Every structure is written in structure tokens, then in C-alpha cells.
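*Asks:* Provided herewith: protein35.pdb, PDB, C-alpha atoms and all ligand atoms.
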ATOM      1  CA  MET M   1       5.097   1.718 -33.195
ATOM      2  CA  THR M   2       8.523   1.085 -31.654
ATOM      3  CA  ALA M   3       9.084   1.012 -27.904
ATOM      4  CA  GLN M   4      10.753   4.453 -28.155
ATOM      5  CA  HIS M   5       7.682   5.903 -29.887
ATOM      6  CA  ILE M   6       5.376   4.444 -27.248
ATOM      7  CA  ILE M   7       7.505   5.908 -24.436
ATOM      8  CA  ALA M   8       7.548   9.298 -26.183
ATOM      9  CA  GLU M   9       3.768   9.204 -26.587
ATOM     10  CA  VAL M  10       3.147   8.383 -22.921
ATOM     11  CA  ARG M  11       5.583  11.093 -21.936
ATOM     12  CA  ASN M  12       3.606  13.589 -24.037
ATOM     13  CA  TRP M  13       0.371  12.566 -22.330
ATOM     14  CA  ILE M  14       2.017  13.160 -18.954
ATOM     15  CA  ASP M  15       3.538  16.483 -20.086
ATOM     16  CA  ASP M  16       0.095  17.671 -21.209
ATOM     17  CA  ALA M  17      -1.759  16.459 -18.105
ATOM     18  CA  GLN M  18      -2.421  18.289 -14.830
ATOM     19  CA  ARG M  19      -3.674  15.241 -12.964
ATOM     20  CA  VAL M  20      -1.699  12.009 -13.248
ATOM     21  CA  VAL M  21      -2.763   9.233 -10.875
ATOM     22  CA  VAL M  22      -0.365   6.347 -10.268
ATOM     23  CA  LEU M  23      -1.265   2.959  -8.797
ATOM     24  CA  THR M  24       1.735   0.997  -7.553
ATOM     25  CA  GLY M  25       2.108  -2.641  -6.542
ATOM     26  CA  ALA M  26       4.817  -4.865  -5.182
ATOM     27  CA  GLY M  27       6.767  -4.763  -8.481
ATOM     28  CA  ILE M  28       8.014  -1.218  -7.866
ATOM     29  CA  SER M  29       9.867  -2.366  -4.735
ATOM     30  CA  THR M  30      11.552  -5.534  -6.040
ATOM     31  CA  ASP M  31      14.604  -3.506  -7.156
ATOM     32  CA  SER M  32      14.814  -2.346  -3.511
ATOM     33  CA  GLY M  33      15.131  -5.962  -2.374
ATOM     34  CA  ILE M  34      11.515  -6.607  -1.317
ATOM     35  CA  PRO M  35      10.146  -9.621  -3.219
ATOM     36  CA  ASP M  36       6.660  -9.445  -4.716
ATOM     37  CA  PHE M  37       4.030 -12.135  -4.050
ATOM     38  CA  ARG M  38       2.964 -13.373  -7.478
ATOM     39  CA  GLY M  39       5.919 -12.618  -9.775
ATOM     40  CA  PRO M  40       8.283 -15.440 -10.890
ATOM     41  CA  GLN M  41      10.409 -15.012  -7.701
ATOM     42  CA  GLY M  42       7.384 -14.060  -5.566
ATOM     43  CA  VAL M  43       6.976 -15.110  -1.935
ATOM     44  CA  TRP M  44       3.792 -17.087  -2.658
ATOM     45  CA  THR M  45       5.072 -18.470  -5.965
ATOM     46  CA  ARG M  46       8.002 -20.037  -4.121
ATOM     47  CA  ASN M  47       6.149 -21.012  -0.925
ATOM     48  CA  PRO M  48       2.333 -21.189  -1.227
ATOM     49  CA  THR M  49       1.894 -21.877   2.528
ATOM     50  CA  ALA M  50       3.340 -18.419   3.344
ATOM     51  CA  GLU M  51      -0.086 -17.037   2.472
ATOM     52  CA  ARG M  52      -1.569 -18.345   5.762
ATOM     53  CA  LEU M  53       0.477 -15.808   7.773
ATOM     54  CA  SER M  54      -1.450 -13.114   5.914
ATOM     55  CA  THR M  55      -4.899 -14.562   6.614
ATOM     56  CA  LEU M  56      -6.783 -12.770   9.375
ATOM     57  CA  HIS M  57      -8.749 -15.755  10.672
ATOM     58  CA  THR M  58      -5.713 -18.008  11.145
ATOM     59  CA  TYR M  59      -3.679 -15.135  12.627
ATOM     60  CA  LEU M  60      -6.290 -14.403  15.298
ATOM     61  CA  ALA M  61      -7.140 -18.053  16.008
ATOM     62  CA  ASP M  62      -3.737 -19.731  16.072
ATOM     63  CA  PRO M  63      -0.955 -18.595  18.466
ATOM     64  CA  GLN M  64       1.615 -20.545  16.423
ATOM     65  CA  VAL M  65       0.730 -18.536  13.310
ATOM     66  CA  ARG M  66       1.273 -15.336  15.320
ATOM     67  CA  ARG M  67       4.620 -16.541  16.654
ATOM     68  CA  ASP M  68       5.691 -17.409  13.096
ATOM     69  CA  ALA M  69       4.449 -14.046  11.845
ATOM     70  CA  TRP M  70       6.518 -12.153  14.462
ATOM     71  CA  GLN M  71       9.629 -14.084  13.438
ATOM     72  CA  GLU M  72       8.919 -13.160   9.790
ATOM     73  CA  ARG M  73       8.466  -9.511  10.738
ATOM     74  CA  LEU M  74      11.820  -9.443  12.530
ATOM     75  CA  VAL M  75      13.564 -10.169   9.223
ATOM     76  CA  HIS M  76      11.175  -8.308   6.892
ATOM     77  CA  PRO M  77      13.176  -6.956   3.929
ATOM     78  CA  ALA M  78      11.490  -3.546   4.327
ATOM     79  CA  TRP M  79      13.749  -2.687   7.290
ATOM     80  CA  ARG M  80      16.846  -2.639   5.054
ATOM     81  CA  ALA M  81      15.209  -1.457   1.835
ATOM     82  CA  ARG M  82      15.941   1.924   0.286
ATOM     83  CA  PRO M  83      13.862   3.564  -2.439
ATOM     84  CA  ASN M  84      15.037   2.857  -5.995
ATOM     85  CA  ARG M  85      15.011   5.016  -9.133
ATOM     86  CA  ALA M  86      11.377   4.148  -9.861
ATOM     87  CA  HIS M  87      10.325   5.588  -6.481
ATOM     88  CA  ASP M  88      12.533   8.612  -7.270
ATOM     89  CA  ALA M  89      10.764   9.067 -10.620
ATOM     90  CA  LEU M  90       7.441   9.465  -8.816
ATOM     91  CA  VAL M  91       8.980  12.080  -6.520
ATOM     92  CA  ALA M  92      10.139  13.938  -9.661
ATOM     93  CA  LEU M  93       6.602  13.671 -11.070
ATOM     94  CA  GLU M  94       5.208  15.234  -7.897
ATOM     95  CA  ARG M  95       7.810  18.037  -8.006
ATOM     96  CA  ARG M  96       6.695  18.807 -11.569
ATOM     97  CA  GLY M  97       3.196  19.389 -10.154
ATOM     98  CA  LYS M  98       1.720  16.486 -12.137
ATOM     99  CA  LEU M  99       1.003  13.900  -9.459
ATOM    100  CA  HIS M 100      -2.625  14.160  -8.381
ATOM    101  CA  ALA M 101      -2.425  11.070  -6.159
ATOM    102  CA  LEU M 102      -0.295   7.998  -5.601
ATOM    103  CA  ILE M 103      -2.402   4.974  -4.734
ATOM    104  CA  THR M 104      -0.280   2.119  -3.434
ATOM    105  CA  GLN M 105      -0.944  -1.479  -2.513
ATOM    106  CA  ASN M 106       2.480  -1.566  -0.899
ATOM    107  CA  ILE M 107       3.011  -1.649   2.821
ATOM    108  CA  ASP M 108       6.684  -0.621   2.836
ATOM    109  CA  GLU M 109       6.328   3.219   2.949
ATOM    110  CA  LEU M 110       9.122   3.540   0.354
ATOM    111  CA  HIS M 111       7.150   6.261  -1.482
ATOM    112  CA  GLN M 112       7.128   8.487   1.609
ATOM    113  CA  ILE M 113      10.785   7.646   2.390
ATOM    114  CA  ALA M 114      11.711   8.588  -1.211
ATOM    115  CA  GLY M 115      10.077  11.981  -0.700
ATOM    116  CA  ASN M 116       6.482  11.856  -1.916
ATOM    117  CA  ALA M 117       4.245  13.962   0.332
ATOM    118  CA  PRO M 118       2.476  11.647   2.787
ATOM    119  CA  ASP M 119      -0.887  13.309   2.094
ATOM    120  CA  ARG M 120      -0.551  12.407  -1.601
ATOM    121  CA  VAL M 121       0.033   8.708  -0.880
ATOM    122  CA  ILE M 122      -3.087   6.565  -0.438
ATOM    123  CA  GLU M 123      -2.094   3.311   1.284
ATOM    124  CA  VAL M 124      -5.004   1.012   0.569
ATOM    125  CA  HIS M 125      -3.395  -2.000   2.272
ATOM    126  CA  GLY M 126      -1.856  -0.218   5.276
ATOM    127  CA  THR M 127       1.755  -0.210   6.473
ATOM    128  CA  VAL M 128       4.087  -2.738   8.052
ATOM    129  CA  ARG M 129       5.815   0.051   9.966
ATOM    130  CA  ARG M 130       2.941   0.226  12.498
ATOM    131  CA  VAL M 131       1.103  -2.278  14.667
ATOM    132  CA  MET M 132      -2.575  -2.196  15.493
ATOM    133  CA  CYS M 133      -4.337  -3.761  18.478
ATOM    134  CA  TRP M 134      -7.121  -6.003  17.279
ATOM    135  CA  GLU M 135      -8.996  -5.415  20.600
ATOM    136  CA  CYS M 136      -8.837  -1.662  21.296
ATOM    137  CA  GLY M 137      -7.658  -0.373  17.903
ATOM    138  CA  VAL M 138      -4.660   1.572  19.229
ATOM    139  CA  ARG M 139      -1.763   1.978  16.785
ATOM    140  CA  ALA M 140       1.940   2.104  17.666
ATOM    141  CA  PRO M 141       5.320   1.942  15.894
ATOM    142  CA  MET M 142       6.242  -1.565  14.730
ATOM    143  CA  GLU M 143       9.770  -1.063  16.062
ATOM    144  CA  GLU M 144       8.522  -1.028  19.694
ATOM    145  CA  ALA M 145       6.846  -4.423  19.233
ATOM    146  CA  LEU M 146       9.871  -5.871  17.409
ATOM    147  CA  ALA M 147      12.125  -4.791  20.294
ATOM    148  CA  ARG M 148       9.894  -6.839  22.638
ATOM    149  CA  VAL M 149      10.167  -9.878  20.330
ATOM    150  CA  ARG M 150      13.944  -9.496  20.259
ATOM    151  CA  ALA M 151      13.883  -9.352  24.067
ATOM    152  CA  GLY M 152      12.120 -12.726  24.209
ATOM    153  CA  GLU M 153       8.346 -12.175  23.907
ATOM    154  CA  GLU M 154       7.060 -14.574  21.264
ATOM    155  CA  ASP M 155       3.659 -12.924  20.738
ATOM    156  CA  PRO M 156       3.662  -9.426  22.293
ATOM    157  CA  LYS M 157       0.254  -8.169  23.381
ATOM    158  CA  CYS M 158      -1.169  -4.622  23.490
ATOM    159  CA  ASN M 159       0.347  -2.592  26.342
ATOM    160  CA  LEU M 160      -3.012  -0.919  27.005
ATOM    161  CA  CYS M 161      -5.541  -3.744  26.902
ATOM    162  CA  GLY M 162      -3.671  -7.037  26.400
ATOM    163  CA  GLY M 163      -5.271  -7.565  22.968
ATOM    164  CA  ILE M 164      -3.668  -9.281  19.968
ATOM    165  CA  LEU M 165      -1.252  -7.057  18.021
ATOM    166  CA  LYS M 166      -0.924  -7.354  14.257
ATOM    167  CA  SER M 167       0.935  -5.309  11.674
ATOM    168  CA  ASP M 168      -1.314  -2.474  10.497
ATOM    169  CA  THR M 169      -1.756  -4.082   7.087
ATOM    170  CA  ILE M 170      -4.858  -5.515   5.456
ATOM    171  CA  SER M 171      -4.813  -9.299   5.769
ATOM    172  CA  PHE M 172      -6.921 -11.667   3.697
ATOM    173  CA  GLY M 173     -10.413 -11.692   5.154
ATOM    174  CA  GLN M 174      -9.984  -8.205   6.641
ATOM    175  CA  ALA M 175     -12.118  -5.291   5.475
ATOM    176  CA  LEU M 176     -10.419  -2.280   3.899
ATOM    177  CA  ASP M 177     -10.756   1.135   5.506
ATOM    178  CA  PRO M 178     -13.823   2.480   3.649
ATOM    179  CA  ALA M 179     -12.612   6.107   3.728
ATOM    180  CA  VAL M 180      -9.250   5.138   2.192
ATOM    181  CA  ILE M 181     -10.650   3.017  -0.638
ATOM    182  CA  GLU M 182     -13.364   5.610  -1.370
ATOM    183  CA  ARG M 183     -10.655   8.268  -1.706
ATOM    184  CA  ALA M 184      -8.727   6.019  -4.122
ATOM    185  CA  MET M 185     -11.845   5.563  -6.262
ATOM    186  CA  ARG M 186     -12.584   9.291  -6.229
ATOM    187  CA  VAL M 187      -9.094  10.394  -7.321
ATOM    188  CA  ALA M 188      -9.127   7.729 -10.054
ATOM    189  CA  GLY M 189     -12.263   9.366 -11.445
ATOM    190  CA  GLU M 190     -10.394  12.706 -11.563
ATOM    191  CA  ALA M 191      -7.349  11.383 -13.460
ATOM    192  CA  GLU M 192      -6.364  12.461 -16.963
ATOM    193  CA  VAL M 193      -3.722   9.740 -17.096
ATOM    194  CA  LEU M 194      -3.671   6.647 -14.879
ATOM    195  CA  VAL M 195      -0.407   4.680 -14.745
ATOM    196  CA  THR M 196      -0.310   1.285 -13.026
ATOM    197  CA  VAL M 197       3.159   0.089 -12.022
ATOM    198  CA  GLY M 198       4.249  -3.367 -10.903
ATOM    199  CA  THR M 199       0.894  -4.882 -10.117
ATOM    200  CA  THR M 200      -0.897  -7.902 -11.553
ATOM    201  CA  LEU M 201      -4.201  -6.002 -11.042
ATOM    202  CA  GLN M 202      -5.760  -9.106  -9.541
ATOM    203  CA  VAL M 203      -6.532  -7.669  -6.107
ATOM    204  CA  TYR M 204      -9.935  -6.030  -5.638
ATOM    205  CA  PRO M 205     -11.403  -3.590  -4.882
ATOM    206  CA  VAL M 206      -8.272  -1.505  -5.553
ATOM    207  CA  SER M 207      -7.903  -2.704  -9.156
ATOM    208  CA  GLY M 208     -11.347  -1.190  -9.739
ATOM    209  CA  VAL M 209      -9.622   2.209  -9.992
ATOM    210  CA  VAL M 210      -8.553   1.244 -13.531
ATOM    211  CA  PRO M 211     -12.060   0.891 -15.061
ATOM    212  CA  ILE M 212     -13.215   3.935 -13.066
ATOM    213  CA  ALA M 213     -10.447   6.089 -14.542
ATOM    214  CA  ARG M 214     -11.124   4.733 -17.997
ATOM    215  CA  GLU M 215     -14.848   5.479 -17.808
ATOM    216  CA  ALA M 216     -13.981   9.019 -16.682
ATOM    217  CA  GLY M 217     -11.925   9.460 -19.876
ATOM    218  CA  ALA M 218      -8.369   8.943 -18.585
ATOM    219  CA  ARG M 219      -5.617   7.399 -20.681
ATOM    220  CA  ILE M 220      -4.647   4.074 -19.133
ATOM    221  CA  VAL M 221      -0.976   3.035 -19.081
ATOM    222  CA  ILE M 222      -0.065  -0.384 -17.651
ATOM    223  CA  LEU M 223       3.630  -0.891 -16.826
ATOM    224  CA  ASN M 224       4.551  -4.428 -15.746
ATOM    225  CA  ALA M 225       6.960  -7.199 -16.707
ATOM    226  CA  GLU M 226       4.131  -9.699 -17.172
ATOM    227  CA  PRO M 227       0.559  -9.575 -18.484
ATOM    228  CA  THR M 228      -2.001  -8.217 -16.013
ATOM    229  CA  ALA M 229      -5.690  -8.904 -15.498
ATOM    230  CA  LEU M 230      -6.662  -5.560 -17.067
ATOM    231  CA  ASP M 231      -4.404  -5.366 -20.139
ATOM    232  CA  ALA M 232      -7.499  -5.391 -22.357
ATOM    233  CA  ILE M 233      -8.615  -1.928 -21.210
ATOM    234  CA  ALA M 234      -5.203  -0.217 -21.390
ATOM    235  CA  ASP M 235      -4.384   2.401 -24.018
ATOM    236  CA  VAL M 236      -0.736   1.409 -23.746
ATOM    237  CA  LEU M 237       1.061  -1.628 -22.336
ATOM    238  CA  LEU M 238       4.673  -1.026 -21.316
ATOM    239  CA  ARG M 239       6.295  -4.433 -20.828
ATOM    240  CA  GLY M 240       9.725  -4.346 -19.251
ATOM    241  CA  SER M 241      11.786  -3.140 -16.323
ATOM    242  CA  ILE M 242      10.081  -0.617 -14.066
ATOM    243  CA  GLY M 243      13.448   0.893 -13.093
ATOM    244  CA  GLU M 244      14.108   1.760 -16.724
ATOM    245  CA  LEU M 245      10.642   2.599 -18.018
ATOM    246  CA  LEU M 246       9.148   4.650 -15.181
ATOM    247  CA  PRO M 247      11.909   7.324 -15.160
ATOM    248  CA  ALA M 248      11.643   7.454 -18.969
ATOM    249  CA  ILE M 249       7.924   8.311 -18.940
ATOM    250  CA  CYS M 250       7.877  10.564 -15.844
ATOM    251  CA  GLY M 251      10.435  13.094 -17.082
ATOM    252  CA  GLY M 252      11.893  15.550 -14.642
TER     253      GLY M 252
HETATM  254  P1  LIG V 301       2.001  -8.943  -7.283
HETATM  255  O1  LIG V 301       3.030  -9.656  -6.461
HETATM  256  O2  LIG V 301       0.695  -9.608  -7.494
HETATM  257  O3  LIG V 301       2.587  -8.564  -8.727
HETATM  258  C1  LIG V 301       3.757  -7.839  -8.916
HETATM  259  C2  LIG V 301       4.014  -7.742 -10.425
HETATM  260  O4  LIG V 301       5.161  -6.909 -10.623
HETATM  261  C3  LIG V 301       4.312  -9.093 -11.098
HETATM  262  O5  LIG V 301       3.496  -9.241 -12.247
HETATM  263  C4  LIG V 301       5.791  -8.994 -11.492
HETATM  264  O6  LIG V 301       6.091  -9.646 -12.691
HETATM  265  C5  LIG V 301       5.970  -7.494 -11.629
HETATM  266  N1  LIG V 301       7.343  -7.032 -11.368
HETATM  267  C6  LIG V 301       8.116  -7.304 -10.298
HETATM  268  N2  LIG V 301       9.286  -6.647 -10.367
HETATM  269  C7  LIG V 301       9.272  -5.950 -11.547
HETATM  270  C8  LIG V 301      10.205  -5.087 -12.187
HETATM  271  N3  LIG V 301      11.378  -4.759 -11.625
HETATM  272  N4  LIG V 301       9.862  -4.559 -13.395
HETATM  273  C9  LIG V 301       8.668  -4.861 -13.977
HETATM  274  N5  LIG V 301       7.733  -5.661 -13.404
HETATM  275  C10 LIG V 301       8.037  -6.207 -12.197
HETATM  276  O7  LIG V 301       1.830  -7.519  -6.625
HETATM  277  P2  LIG V 301       0.526  -6.717  -6.282
HETATM  278  O8  LIG V 301      -0.424  -6.743  -7.426
HETATM  279  O9  LIG V 301       0.991  -5.426  -5.758
HETATM  280  O10 LIG V 301      -0.168  -7.564  -5.108
HETATM  281  C11 LIG V 301       0.521  -8.057  -4.014
HETATM  282  C12 LIG V 301      -0.149  -7.678  -2.698
HETATM  283  O11 LIG V 301       0.791  -7.975  -1.699
HETATM  284  C13 LIG V 301      -0.430  -6.214  -2.580
HETATM  285  O12 LIG V 301      -1.736  -6.080  -2.211
HETATM  286  C14 LIG V 301       0.507  -5.693  -1.484
HETATM  287  O13 LIG V 301      -0.262  -5.223  -0.396
HETATM  288  C15 LIG V 301       1.255  -6.863  -0.963
HETATM  289  N6  LIG V 301       2.743  -6.791  -1.085
HETATM  290  C16 LIG V 301       3.407  -5.630  -0.807
HETATM  291  C17 LIG V 301       4.796  -5.566  -0.912
HETATM  292  C18 LIG V 301       5.497  -4.277  -0.598
HETATM  293  O14 LIG V 301       4.979  -3.468   0.186
HETATM  294  N7  LIG V 301       6.667  -3.992  -1.204
HETATM  295  C19 LIG V 301       5.533  -6.686  -1.308
HETATM  296  C20 LIG V 301       4.824  -7.878  -1.581
HETATM  297  C21 LIG V 301       3.426  -7.903  -1.483
END
The structure in this file should be written as C-alpha cells.
Ligand code: NAD
*Replies:*
Amino acid sequence: MTAQHIIAEVRNWIDDAQRVVVLTGAGISTDSGIPDFRGPQGVWTRNPTAERLSTLHTYLADPQVRRDAWQERLVHPAWRARPNRAHDALVALERRGKLHALITQNIDELHQIAGNAPDRVIEVHGTVRRVMCWECGVRAPMEEALARVRAGEEDPKCNLCGGILKSDTISFGQALDPAVIERAMRVAGEAEVLVTVGTTLQVYPVSGVVPIAREAGARIVILNAEPTALDAIADVLLRGSIGELLPAICGG
């Protein structure tokens, strides 16, 4: 089959389905200027030590790691990023009444900014646009903490209890929110078509939504520039640019 035939077939599956579930990863946001982690230009591919800023134990134990992390957050590419046409394609899919749920590993909130309903987006790895106090659990806008860093605080502490503040994202070594990951697994089991977009499918437990959807009878479509860990169980592999292929299969 040619690439055009494959795209037409996936588009037919989506046209016929009531419940499409999409799982997105960092690759959907690279066209918005946010680098991924493991792609050829990924943050960790270029600088393997960057990973330590995302490790819970070192973040909590080492004040220097926290100071470095706050400096990184000040210049995070998410602050300037705008949704791209792949995000827009998923908004169109929702407006067509097809999008059952949008599970994302991303922490940039570009799906909600593009216009997907917040209650349809399942953020399994949290969001960089909030902070959370590691002591008392209170959450607050990231911008308030960044303003304090800009004003000279190197490692701002919780205003309520003095505890360590961290972005409200899941670091390595940190447990996921059980209710959030359970919801992701449940909606995957309800999918007629599951499309994964821009993820290497190496991160668990979220990648487990793919075998769950497959066992429940869903068609599995994997869209990524590179091979992924779960290519073997896909019905269709779409290899190429997300910005071109996702609008082509979502319709609108
Ligand atoms: P990943 O970095 O492991 O993989 C991204 C994949 O997308 C790569 O295989 C890459 O080749 C592909 N890709 C990148 N741009 C593409 C494009 N334009 N077209 C087609 N393919 C493209 O990403 P992951 O599996 O999501 O895991 C990274 C983890 O890091 C996630 O858990 C996430 O929480 C976090 N993260 C989030 C962001 C964000 O919020 N935007 C950015 C970086 C990392």
C-alpha cells in the first residue's frame, strides 16, 4: 500500500469511529519550539546530565540542583510556545465529536491552549505551569514562583509552610497520581481507534495504554518519525512529520 492509501485507510477508521483516543508525547510540541528528550535533537540526547534536574531524589536533596532547576524554568521554551497545526488537528477531531480522550505525557498545556476541553485532556505527567509544595501539597501558578526567582530568590519556598517547591510535573522516582493513570487506562479500554503521536512509547506505565486498547479490540495507529518500542503491535505505522500526517488523518 502507498502512503496515501494508508492515510486514507486510517482516516476511514476515524470517520467510522465514535471513540478515538489519542496519546501524545513530546514530538507533537517540537514544531512549537519545545525540544523532545529522546529524539535526535532531544534535551537528553544532547546533554545526558540534564536528566538529573528531573530526578526527584536529587532535586529534594541538593539545593544546587534546585537552583539550577529554577534557572532552567525561567527560560523554559513552553512560555513562548504556541500550539502548532498538529495540536489544531486534535481540536478539530474533538469538534467532530470523535475525541473520547486525549492522554498526554506533555507538561506544556498546549492542548488546552489550542482549544481542547480541559476535562478531555488527561495529563499523566502533570504541568509545568503550576508549582506544588513538597511539604504541604498546596499548588500555585508557576508564574508567581518565577517572579520571585526574577526578583532574586534562588530557591523560593512555599509561602504557607516553607516547604520545597517543585514544578507540578512527575519527576523520575516520583509516583504518578493513581486516579489520573487509572483514568488513562480505562479510556484506552474504551477506544475504537488509538493513535499515538510523537512518543517513543518507552515510558511506563502510560505506554501500557497501547496493549490495553489493543486487547479491547481497538485499531492501533503509531505516528512517529522514528521506530517506537511498540511498533510490533500497531495495525499501522505512520512514519513522518506529525505536522503533516496528523491533520491528514484527523479530517475536519
Ligand atoms: P520522547 O522525547 O521520548 O520521544 C519523542 C519522539 O517524537 C521521538 O521519537 C522523535 O523522533 C519524535 N518526534 C519529534 N518531533 C517530531 C515530529 N515533528 N514529527 C514526527 N516525530 C517527531 O518523548 P516522550 O515519549 O513523550 O517522553 C518524554 C517525556 O518527557 C514525557 O514523559 C514528557 O513528560 C516529557 N517531555 C515533555 C515535553 C513537553 O511537554 N512538550 C517535552 C519534552 C519532554
*Asks:* Applied to the shown file, which residues does the PyMOL selection byres (((chain M and resi 35-52) around 12) and not hetatm) return, written as a PDB file with C-alpha atoms, in the frame of the given file?
*Replies:*
ATOM      1  CA  THR M  24       1.735   0.997  -7.553  1.00  0.00           C
ATOM      2  CA  GLY M  25       2.108  -2.641  -6.542  1.00  0.00           C
ATOM      3  CA  ALA M  26       4.817  -4.865  -5.182  1.00  0.00           C
ATOM      4  CA  GLY M  27       6.767  -4.763  -8.481  1.00  0.00           C
ATOM      5  CA  ILE M  28       8.014  -1.218  -7.866  1.00  0.00           C
ATOM      6  CA  SER M  29       9.867  -2.366  -4.735  1.00  0.00           C
ATOM      7  CA  THR M  30      11.552  -5.534  -6.040  1.00  0.00           C
ATOM      8  CA  ASP M  31      14.604  -3.506  -7.156  1.00  0.00           C
ATOM      9  CA  SER M  32      14.814  -2.346  -3.511  1.00  0.00           C
ATOM     10  CA  GLY M  33      15.131  -5.962  -2.374  1.00  0.00           C
ATOM     11  CA  ILE M  34      11.515  -6.607  -1.317  1.00  0.00           C
ATOM     12  CA  LEU M  53       0.477 -15.808   7.773  1.00  0.00           C
ATOM     13  CA  SER M  54      -1.450 -13.114   5.914  1.00  0.00           C
ATOM     14  CA  THR M  55      -4.899 -14.562   6.614  1.00  0.00           C
ATOM     15  CA  LEU M  56      -6.783 -12.770   9.375  1.00  0.00           C
ATOM     16  CA  HIS M  57      -8.749 -15.755  10.672  1.00  0.00           C
ATOM     17  CA  THR M  58      -5.713 -18.008  11.145  1.00  0.00           C
ATOM     18  CA  TYR M  59      -3.679 -15.135  12.627  1.00  0.00           C
ATOM     19  CA  LEU M  60      -6.290 -14.403  15.298  1.00  0.00           C
ATOM     20  CA  ALA M  61      -7.140 -18.053  16.008  1.00  0.00           C
ATOM     21  CA  ASP M  62      -3.737 -19.731  16.072  1.00  0.00           C
ATOM     22  CA  GLN M  64       1.615 -20.545  16.423  1.00  0.00           C
ATOM     23  CA  VAL M  65       0.730 -18.536  13.310  1.00  0.00           C
ATOM     24  CA  ARG M  66       1.273 -15.336  15.320  1.00  0.00           C
ATOM     25  CA  ASP M  68       5.691 -17.409  13.096  1.00  0.00           C
ATOM     26  CA  ALA M  69       4.449 -14.046  11.845  1.00  0.00           C
ATOM     27  CA  GLU M  72       8.919 -13.160   9.790  1.00  0.00           C
ATOM     28  CA  HIS M  76      11.175  -8.308   6.892  1.00  0.00           C
ATOM     29  CA  PRO M  77      13.176  -6.956   3.929  1.00  0.00           C
ATOM     30  CA  ALA M  78      11.490  -3.546   4.327  1.00  0.00           C
ATOM     31  CA  ALA M  81      15.209  -1.457   1.835  1.00  0.00           C
ATOM     32  CA  GLN M 105      -0.944  -1.479  -2.513  1.00  0.00           C
ATOM     33  CA  ASN M 106       2.480  -1.566  -0.899  1.00  0.00           C
ATOM     34  CA  ILE M 107       3.011  -1.649   2.821  1.00  0.00           C
ATOM     35  CA  ASP M 108       6.684  -0.621   2.836  1.00  0.00           C
ATOM     36  CA  SER M 171      -4.813  -9.299   5.769  1.00  0.00           C
ATOM     37  CA  PHE M 172      -6.921 -11.667   3.697  1.00  0.00           C
ATOM     38  CA  GLY M 173     -10.413 -11.692   5.154  1.00  0.00           C
ATOM     39  CA  GLY M 198       4.249  -3.367 -10.903  1.00  0.00           C
ATOM     40  CA  THR M 199       0.894  -4.882 -10.117  1.00  0.00           C
ATOM     41  CA  THR M 200      -0.897  -7.902 -11.553  1.00  0.00           C
ATOM     42  CA  LEU M 201      -4.201  -6.002 -11.042  1.00  0.00           C
ATOM     43  CA  GLN M 202      -5.760  -9.106  -9.541  1.00  0.00           C
ATOM     44  CA  VAL M 203      -6.532  -7.669  -6.107  1.00  0.00           C
ATOM     45  CA  ASN M 224       4.551  -4.428 -15.746  1.00  0.00           C
ATOM     46  CA  ALA M 225       6.960  -7.199 -16.707  1.00  0.00           C
ATOM     47  CA  GLU M 226       4.131  -9.699 -17.172  1.00  0.00           C
ATOM     48  CA  PRO M 227       0.559  -9.575 -18.484  1.00  0.00           C
ATOM     49  CA  THR M 228      -2.001  -8.217 -16.013  1.00  0.00           C
TER      50      THR M 228
END
*Asks:* For a test of reading the model, state the distance in Å between atom O9 of ligand LIG 301 (chain V) and CA of Ala86 in chain M, rounded to one decimal.
*Replies:*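 One can read the atom O9 of ligand LIG 301 (chain V) to CA of Ala86 in chain M distance as 14.7 Å.
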*Asks:* Compare M:Cys158, M:Leu99, M:Leu23, M:Val210 by their minimum atom-to-atom distance to ligand LIG 301 (chain V), counting all atoms listed in the file, and give me the closest one.
*Replies:* M:Leu23
*Asks:* Please write out, as AutoDock Vina command-line options, where the centre of an axis-aligned box around all listed atoms of range 174-187 of chain M lies and how long its edges are, in Å to one decimal, after adding 5 Å on each side.
*Replies:*
--center_x -11.3 --center_y 1.1 --center_z -0.3 --size_x 15.1 --size_y 28.6 --size_z 24.0
*Asks:* Choose the residue, out of M:Leu165, M:Leu176, M:Val10, M:Leu237, that has the smallest atom-to-atom separation from Gly137 in chain M; count only C-alpha atoms.
*Replies:* M:Leu165
*Asks:* Interatomic distance between CA of His87 in chain M and CA of Glu143 in chain M?
*Replies:*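 One can read the CA of His87 in chain M to CA of Glu143 in chain M distance as 23.5 Å.
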*Asks:* Give me the result of the PyMOL selection byres (((chain M and resi 216) around 8) and not hetatm) on this file, residue by residue, as an MDAnalysis selection string.
*Replies:* chainID M and resid 189:191 212:215 217:218
*Asks:* Mind giving me the straight-line distance from CA of Gly162 in chain M to CA of Met132 in chain M in Å, one decimal?
*Replies:* 12.0 Å
*Asks:* Given the PyMOL selection byres (((chain M and resi 18-21) around 10) and not hetatm) and the file above, list the residues it selects as a ChimeraX atom specification.
*Replies:* /M:13-17,22-24,93-94,96-103,184,187-196,209,213,218-220
*Asks:* Which residue, M:Leu238, M:Ala92, M:Val121, M:Ile6, has the smallest gap to ligand LIG 301 (chain V) when you use only C-alpha atoms and all ligand atoms?
*Replies:*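 Selected residue with least distance to ligand LIG 301 (chain V): M:Leu238.
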*Asks:* Quick one: residues within 6 Å of Val131 in chain M, only C-alpha atoms, excluding same-chain residues fewer than 3 positions away - as a PDB file with C-alpha atoms, in the coordinates of the input?
*Replies:*
ATOM      1  CA  ARG M 139      -1.763   1.978  16.785  1.00  0.00           C
ATOM      2  CA  ALA M 140       1.940   2.104  17.666  1.00  0.00           C
ATOM      3  CA  MET M 142       6.242  -1.565  14.730  1.00  0.00           C
ATOM      4  CA  LYS M 166      -0.924  -7.354  14.257  1.00  0.00           C
ATOM      5  CA  SER M 167       0.935  -5.309  11.674  1.00  0.00           C
ATOM      6  CA  ASP M 168      -1.314  -2.474  10.497  1.00  0.00           C
TER       7      ASP M 168
END
*Asks:* Pick the closest to ligand LIG 301 (chain V) from M:Ala3, M:Cys136, M:Leu245, M:Ala89: which is it, counting all atoms listed in the file?
*Replies:*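 Closest residue, counting all atoms listed in the file: M:Leu245.
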*Asks:* Using only C-alpha atoms and all ligand atoms, pick whichever of M:Val124, M:Ala147, M:Ala175, M:Leu90 has the shortest atom-to-atom distance to ligand LIG 301 (chain V).
*Replies:*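 For ligand LIG 301 (chain V), the nearest of the candidates is M:Val124.
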*Asks:* May I have the protein, DNA and RNA residues with an atom at most 9 Å from (15.8, 4.2, -1.2), counting only C-alpha atoms in the file's coordinates, returned as a VMD selection string?
*Replies:* chain M and resid 32 81 to 85 87 to 88 110 to 111 113 to 114
